[in-house]
Each structure stands twice: as C-alpha cells, then as structure tokens.
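Undergrad: Got a file for you: start.pdb, PDB, C-alpha atoms.
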MODEL        1
ATOM      1  CA  MET V 250     -12.031  22.012   4.862
ATOM      2  CA  TYR V 251     -13.667  21.562   1.475
ATOM      3  CA  GLY V 252     -14.758  18.068   0.505
ATOM      4  CA  TYR V 253     -15.728  16.747  -2.887
ATOM      5  CA  VAL V 254     -17.138  13.330  -3.679
ATOM      6  CA  GLY V 255     -17.987  12.252  -7.173
ATOM      7  CA  THR V 256     -18.300   9.397  -9.592
ATOM      8  CA  MET V 257     -17.494   9.031 -13.254
ATOM      9  CA  ARG V 258     -18.556   6.259 -15.591
ATOM     10  CA  THR V 259     -16.103   4.855 -18.112
ATOM     11  CA  THR V 260     -16.869   3.164 -21.379
ATOM     12  CA  ALA V 261     -16.794  -0.636 -21.086
ATOM     13  CA  GLY V 262     -13.448  -2.081 -20.147
ATOM     14  CA  ASN V 263     -11.689   1.239 -19.645
ATOM     15  CA  ARG V 264     -12.042   1.672 -15.903
ATOM     16  CA  ASP V 265      -8.525   0.612 -14.971
ATOM     17  CA  LYS V 266      -7.019   2.792 -17.683
ATOM     18  CA  VAL V 267      -8.851   5.836 -16.298
ATOM     19  CA  VAL V 268      -7.847   4.912 -12.734
ATOM     20  CA  SER V 269      -4.190   4.976 -13.851
ATOM     21  CA  ILE V 270      -4.651   8.385 -15.453
ATOM     22  CA  LEU V 271      -6.295   9.764 -12.311
ATOM     23  CA  LEU V 272      -3.498   8.462 -10.106
ATOM     24  CA  SER V 273      -0.644   9.481 -12.396
ATOM     25  CA  GLY V 274      -0.301  13.110 -11.335
ATOM     26  CA  VAL V 275      -1.763  12.925  -7.887
ATOM     27  CA  GLU V 276       1.397  13.724  -5.911
ATOM     28  CA  GLY V 277       1.529  17.143  -7.535
ATOM     29  CA  LEU V 278      -1.844  18.080  -6.050
ATOM     30  CA  ARG V 279      -0.428  18.342  -2.548
ATOM     31  CA  ALA V 280       1.264  21.645  -3.352
ATOM     32  CA  ALA V 281      -2.047  22.901  -4.732
ATOM     33  CA  GLY V 282      -3.815  22.569  -1.369
ATOM     34  CA  CYS V 283      -5.054  18.990  -1.645
ATOM     35  CA  HIS V 284      -5.091  16.867   1.516
ATOM     36  CA  LEU V 285      -6.882  13.830   0.175
ATOM     37  CA  TYR V 286      -7.480  12.441  -3.289
ATOM     38  CA  LEU V 287      -8.760   8.881  -3.140
ATOM     39  CA  VAL V 288      -9.682   6.793  -6.129
ATOM     40  CA  SER V 289     -11.983   3.835  -5.482
ATOM     41  CA  VAL V 290     -13.836   1.279  -7.524
ATOM     42  CA  SER V 291     -17.017  -0.631  -6.911
ATOM     43  CA  GLY V 292     -17.388  -4.398  -6.653
ATOM     44  CA  THR V 293     -20.872  -4.238  -8.141
ATOM     45  CA  ASP V 294     -20.480  -1.727 -10.977
ATOM     46  CA  PRO V 295     -17.472  -2.541 -13.182
ATOM     47  CA  ASP V 296     -17.366   0.796 -15.041
ATOM     48  CA  LEU V 297     -17.774   3.234 -12.161
ATOM     49  CA  ILE V 298     -14.977   5.186 -10.460
ATOM     50  CA  HIS V 299     -15.414   7.046  -7.167
ATOM     51  CA  VAL V 300     -13.248  10.014  -6.262
ATOM     52  CA  THR V 301     -13.088  11.479  -2.744
ATOM     53  CA  GLU V 302     -11.189  14.702  -2.220
ATOM     54  CA  ALA V 303     -10.363  17.131   0.579
ATOM     55  CA  TRP V 304      -8.902  20.577  -0.126
ATOM     56  CA  ASP V 305      -7.990  23.682   1.832
ATOM     57  CA  SER V 306     -10.933  25.429   0.152
ATOM     58  CA  LYS V 307     -13.246  25.271  -2.839
ATOM     59  CA  GLU V 308     -10.989  27.824  -4.534
ATOM     60  CA  HIS V 309      -7.999  25.506  -4.184
ATOM     61  CA  HIS V 310     -10.005  22.710  -5.766
ATOM     62  CA  ASP V 311     -11.295  24.890  -8.601
ATOM     63  CA  ASN V 312      -7.825  26.295  -9.296
ATOM     64  CA  SER V 313      -6.351  22.807  -9.491
ATOM     65  CA  LEU V 314      -8.506  22.121 -12.538
ATOM     66  CA  LYS V 315      -6.488  24.738 -14.398
ATOM     67  CA  LEU V 316      -3.104  23.135 -13.667
ATOM     68  CA  PRO V 317      -1.363  21.840 -16.819
ATOM     69  CA  GLY V 318      -1.027  18.334 -15.352
ATOM     70  CA  THR V 319      -4.698  18.198 -14.406
ATOM     71  CA  ARG V 320      -5.816  19.516 -17.783
ATOM     72  CA  ALA V 321      -3.676  16.954 -19.573
ATOM     73  CA  ALA V 322      -5.103  14.148 -17.419
ATOM     74  CA  ILE V 323      -8.670  15.312 -18.107
ATOM     75  CA  ALA V 324      -7.978  15.488 -21.846
ATOM     76  CA  THR V 325      -6.552  11.952 -21.844
ATOM     77  CA  ALA V 326      -9.384  10.494 -19.764
ATOM     78  CA  MET V 327     -12.317  12.236 -21.455
ATOM     79  CA  PRO V 328     -12.590   9.938 -24.525
ATOM     80  CA  LEU V 329     -12.771   6.956 -22.153
ATOM     81  CA  LEU V 330     -15.738   8.368 -20.192
ATOM     82  CA  THR V 331     -19.426   8.162 -21.005
ATOM     83  CA  GLY V 332     -20.156  11.670 -19.731
ATOM     84  CA  GLU V 333     -22.188  10.434 -16.758
ATOM     85  CA  PHE V 334     -20.880  12.190 -13.655
ATOM     86  CA  THR V 335     -22.187  12.756 -10.172
ATOM     87  CA  SER V 336     -20.687  15.191  -7.700
ATOM     88  CA  GLN V 337     -21.326  16.590  -4.278
ATOM     89  CA  GLU V 338     -19.666  19.398  -2.376
ATOM     90  CA  LEU V 339     -19.219  18.920   1.361
ATOM     91  CA  THR V 340     -17.587  20.496   4.355
ATOM     92  CA  VAL V 341     -15.205  18.119   6.097
ATOM     93  CA  VAL V 342     -15.663  18.743   9.800
ATOM     94  CA  GLY V 343     -13.128  16.311  11.210
ATOM     95  CA  GLY V 344     -12.006  12.778  11.576
ATOM     96  CA  LEU V 345      -9.094  10.448  11.518
ATOM     97  CA  GLY V 346      -6.329  10.084   8.969
ATOM     98  CA  LEU V 347      -6.407  13.389   7.163
ATOM     99  CA  SER V 348      -2.983  14.939   6.612
ATOM    100  CA  SER V 349      -2.939  18.538   7.738
TER     101      SER V 349
ATOM    102  CA  MET E1080      -7.945  -1.366   0.905
ATOM    103  CA  TYR E1081     -11.604  -1.443   1.898
ATOM    104  CA  GLY E1082     -13.605   1.759   1.469
ATOM    105  CA  TYR E1083     -16.966   2.640   2.888
ATOM    106  CA  VAL E1084     -19.031   5.715   2.106
ATOM    107  CA  GLY E1085     -22.351   6.384   3.707
ATOM    108  CA  THR E1086     -24.820   8.975   4.867
ATOM    109  CA  MET E1087     -27.091   9.206   7.853
ATOM    110  CA  ARG E1088     -29.965  11.588   8.400
ATOM    111  CA  THR E1089     -30.500  13.181  11.806
ATOM    112  CA  THR E1090     -33.706  14.487  13.259
ATOM    113  CA  ALA E1091     -34.054  18.255  12.852
ATOM    114  CA  GLY E1092     -31.413  20.292  14.630
ATOM    115  CA  ASN E1093     -29.378  17.346  15.853
ATOM    116  CA  ARG E1094     -26.736  17.147  13.151
ATOM    117  CA  ASP E1095     -23.945  18.819  15.077
ATOM    118  CA  LYS E1096     -24.643  16.708  18.153
ATOM    119  CA  VAL E1097     -24.308  13.517  16.092
ATOM    120  CA  VAL E1098     -21.142  14.855  14.427
ATOM    121  CA  SER E1099     -19.615  15.293  17.888
ATOM    122  CA  ILE E1100     -20.560  11.750  18.861
ATOM    123  CA  LEU E1101     -19.045  10.356  15.645
ATOM    124  CA  LEU E1102     -15.799  12.247  16.176
ATOM    125  CA  SER E1103     -15.494  11.531  19.892
ATOM    126  CA  GLY E1104     -13.900   8.095  19.718
ATOM    127  CA  VAL E1105     -12.308   8.288  16.338
ATOM    128  CA  GLU E1106      -8.660   8.160  17.451
ATOM    129  CA  GLY E1107      -9.231   4.689  18.869
ATOM    130  CA  LEU E1108     -10.143   3.347  15.433
ATOM    131  CA  ARG E1109      -6.566   3.561  14.201
ATOM    132  CA  ALA E1110      -5.558   0.528  16.239
ATOM    133  CA  ALA E1111      -8.525  -1.335  14.772
ATOM    134  CA  GLY E1112      -7.195  -1.055  11.206
ATOM    135  CA  CYS E1113      -8.787   2.264  10.206
ATOM    136  CA  HIS E1114      -6.790   4.574   7.916
ATOM    137  CA  LEU E1115      -9.443   7.176   7.250
ATOM    138  CA  TYR E1116     -12.627   8.194   8.996
ATOM    139  CA  LEU E1117     -13.928  11.499   7.679
ATOM    140  CA  VAL E1118     -17.095  13.185   8.823
ATOM    141  CA  SER E1119     -18.568  15.780   6.457
ATOM    142  CA  VAL E1120     -21.703  17.847   6.243
ATOM    143  CA  SER E1121     -23.599  19.264   3.317
ATOM    144  CA  GLY E1122     -24.255  22.924   2.601
ATOM    145  CA  THR E1123     -27.579  22.098   1.008
ATOM    146  CA  ASP E1124     -29.043  19.480   3.338
ATOM    147  CA  PRO E1125     -28.882  20.596   7.001
ATOM    148  CA  ASP E1126     -29.675  17.194   8.529
ATOM    149  CA  LEU E1127     -27.392  14.941   6.500
ATOM    150  CA  ILE E1128     -24.003  13.596   7.607
ATOM    151  CA  HIS E1129     -21.530  11.935   5.245
ATOM    152  CA  VAL E1130     -18.976   9.430   6.486
ATOM    153  CA  THR E1131     -16.010   8.273   4.377
ATOM    154  CA  GLU E1132     -13.881   5.441   5.680
ATOM    155  CA  ALA E1133     -10.850   3.394   4.624
ATOM    156  CA  TRP E1134      -9.877   0.190   6.438
ATOM    157  CA  ASP E1135      -7.326  -2.585   6.052
ATOM    158  CA  SER E1136     -10.193  -4.894   5.100
ATOM    159  CA  LYS E1137     -13.944  -5.329   5.336
ATOM    160  CA  GLU E1138     -13.340  -7.610   8.328
ATOM    161  CA  HIS E1139     -11.529  -4.815  10.160
ATOM    162  CA  HIS E1140     -14.458  -2.504   9.517
ATOM    163  CA  ASP E1141     -17.046  -5.070  10.584
ATOM    164  CA  ASN E1142     -15.112  -5.953  13.727
ATOM    165  CA  SER E1143     -14.867  -2.274  14.707
ATOM    166  CA  LEU E1144     -18.639  -2.186  15.055
ATOM    167  CA  LYS E1145     -18.303  -4.591  17.983
ATOM    168  CA  LEU E1146     -15.839  -2.422  19.927
ATOM    169  CA  PRO E1147     -17.287  -1.099  23.201
ATOM    170  CA  GLY E1148     -16.551   2.540  22.236
ATOM    171  CA  THR E1149     -18.219   2.141  18.864
ATOM    172  CA  ARG E1150     -21.255   0.406  20.350
ATOM    173  CA  ALA E1151     -21.631   3.150  22.943
ATOM    174  CA  ALA E1152     -21.400   5.847  20.248
ATOM    175  CA  ILE E1153     -24.013   4.073  18.122
ATOM    176  CA  ALA E1154     -26.345   3.752  21.116
ATOM    177  CA  THR E1155     -25.996   7.460  21.913
ATOM    178  CA  ALA E1156     -26.495   8.588  18.333
ATOM    179  CA  MET E1157     -29.373   6.275  17.388
ATOM    180  CA  PRO E1158     -32.207   8.279  19.042
ATOM    181  CA  LEU E1159     -31.031  11.365  17.115
ATOM    182  CA  LEU E1160     -31.246   9.631  13.710
ATOM    183  CA  THR E1161     -34.274   9.192  11.470
ATOM    184  CA  GLY E1162     -33.216   5.710  10.342
ATOM    185  CA  GLU E1163     -32.510   6.812   6.770
ATOM    186  CA  PHE E1164     -29.071   5.519   5.835
ATOM    187  CA  THR E1165     -27.206   5.018   2.598
ATOM    188  CA  SER E1166     -24.008   3.037   2.261
ATOM    189  CA  GLN E1167     -21.650   1.806  -0.383
ATOM    190  CA  GLU E1168     -18.706  -0.550  -0.202
ATOM    191  CA  LEU E1169     -15.709   0.257  -2.361
ATOM    192  CA  THR E1170     -12.152  -0.807  -3.022
ATOM    193  CA  VAL E1171      -9.709   2.041  -2.564
ATOM    194  CA  VAL E1172      -7.128   1.620  -5.322
ATOM    195  CA  GLY E1173      -4.840   4.532  -4.540
ATOM    196  CA  GLY E1174      -4.408   8.223  -4.204
ATOM    197  CA  LEU E1175      -2.954  10.979  -2.137
ATOM    198  CA  GLY E1176      -3.129  11.595   1.587
ATOM    199  CA  LEU E1177      -3.993   8.175   2.948
ATOM    200  CA  SER E1178      -1.941   7.162   5.973
ATOM    201  CA  SER E1179      -0.497   3.704   5.496
TER     202      SER E1179
ENDMDL
END
Show me, as structure tokens, the structure contained in the file I just sent.
TA:
Amino acid sequence: MYGYVGTMRTTAGNRDKVVSILLSGVEGLRAAGCHLYLVSVSGTDPDLIHVTEAWDSKEHHDNSLKLPGTRAAIATAMPLLTGEFTSQELTVVGGLGLSS
Amino acid sequence: MYGYVGTMRTTAGNRDKVVSILLSGVEGLRAAGCHLYLVSVSGTDPDLIHVTEAWDSKEHHDNSLKLPGTRAAIATAMPLLTGEFTSQELTVVGGLGLSS
C-alpha cells in the first residue's frame, strides 16, 4: 500500500481554517482508493499541519489530486499557505487500524 | 487523539527483520488504547523504518511501552538498530480511516 506523509505551513493564524478545508471533503476520498487520511497538528509549531495518507497505489493518490472536490479544496487553501511543504513517499507494510 | 510519528534506522540488511518484530505483537495494542500503528518503509532509504501511531492519549502510548509484549519486542529489535531515532508528537484532529 502506498503511504504519503507531508507537512504544510500556513500563514499566521490560519492553521485551523486550513485544517477545516482539508477535512471538509475527506469522506469522498474513500471511493478514490484512500484508506487513511489523517490531519494532525503540532503542539510546538502553531502554523504547521501534518497529513498522513494511505492509498491503494501511488496512481490512486495522484489521480485524487484531479478530483473536482480536491482541486477546489486546494484552491481555497492555497492563499492561506506559505508555500513551505515537505513530503515523503512510503510503502505501508502493515500494522493495526488500517481499513482494508 | 494523540499522534506519534517516528523513524528508526536499522543496521544494514536488518530492516525487514525489525519490521517483522514491530508487526508481531501489534494486535495486542488495540486493548491498550491504540487506534493506529502503521509500519512503513522508504523506497529511497533501505535501512529506515517509519512508524505512525494514534492513541487515545499520550498516557496510553507511554503506558504501552511498559507492556511485557512491547518490552520483549524492543529488547529483540534493539541490537538490530543503529540508535538513530526521530520522533514527533502530534494531535490528530480528524480525517478518514481511523477506527474509533
């Protein structure tokens, strides 16, 4: 299974607004091959958002970025972000709690 | 919900052995307040293991480290690790795919 972990930095004070945008369309991702889409925040960095994802494959993840709902969410969030991103592609080999 | 993301580096060639150790007792963590325990590997770094966890609370996570099964797994894995760890504590604010 394809895993993706990343962070995005928001402009000051806009973290919670971006979190809401990220979570707004998340149920729709299930049909697109998404098994996990977790949004987390840090206690030490008030403008940083962590996203952890698991997908059937990299192709499923990449295709999801073209979905109308995803594109709309990205367009809404973009002005609230500084442009500082990190990302890492992983292979999820197993564990507890992942819906199949 | 408490989130924990971390990496550990294994000595050369021992990644898959440590992955097996990490996954061996994972079902038992559910009763200890664990909602997610994902083990992932990197395509670009052959000796690195990523762990992503979600727990009812930090206390649940900390207490799990004292469980006999967890202590045994740590003791077995330790000689196969270089000692290079990273870790980050997060607050999981929502998303898709997390068992409640």
Undergrad: Quick check: residues of chain E within 8 Å of chain V, all atoms listed in the file, returned as number ranges by chain.
TA: E: 1082, 1102, 1105-1106, 1109, 1114-1122, 1168-1178
Undergrad: Once the PyMOL selection byres ((chain V and resi 256) around 7) is applied to the coordinates I shared, what remains selected? I want it as an MDAnalysis selection string.
TA: chainID V and resid 255 257:258 297:300 334:336
Undergrad: Quick check, in Å to one decimal: how far apart do atom CA of Thr1149 of chain E and atom CA of Thr1161 of chain E lie?
TA: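 Result for atom CA of Thr1149 of chain E versus atom CA of Thr1161 of chain E: 19.0 Å, one decimal.
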Undergrad: By how many Å are atom CA of Val267 of chain V and atom CA of Glu1138 of chain E apart?
TA: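 For atom CA of Val267 of chain V relative to atom CA of Glu1138 of chain E, the distance reads 28.4 Å.
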Undergrad: For the atom pair atom CA of Arg1150 of chain E and atom CA of Gly1112 of chain E, what is the interatomic distance in Å to one decimal place?
TA: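 The value is 16.8 Å.
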Undergrad: If we count all atoms listed in the file and set the cut-off at 9 Å, which residues sit around Leu329 of chain V, ignoring sequence neighbours fewer than 5 positions away in its own chain? Please answer as a PDB file with C-alpha atoms, in the coordinates of the input.
TA:
ATOM      1  CA  ARG V 258     -18.556   6.259 -15.591  1.00  0.00           C
ATOM      2  CA  THR V 259     -16.103   4.855 -18.112  1.00  0.00           C
ATOM      3  CA  THR V 260     -16.869   3.164 -21.379  1.00  0.00           C
ATOM      4  CA  ALA V 261     -16.794  -0.636 -21.086  1.00  0.00           C
ATOM      5  CA  ASN V 263     -11.689   1.239 -19.645  1.00  0.00           C
ATOM      6  CA  ARG V 264     -12.042   1.672 -15.903  1.00  0.00           C
ATOM      7  CA  LYS V 266      -7.019   2.792 -17.683  1.00  0.00           C
ATOM      8  CA  VAL V 267      -8.851   5.836 -16.298  1.00  0.00           C
TER       9      VAL V 267
END
Undergrad: Could you check which of E:Ser1143, E:Met1157, E:Glu1163, E:Ala1151 is closest to Ala1111 of chain E, using all atoms listed in the file?
TA: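 Looking only at the distances to Ala1111 of chain E, the closest residue turns out to be E:Ser1143.
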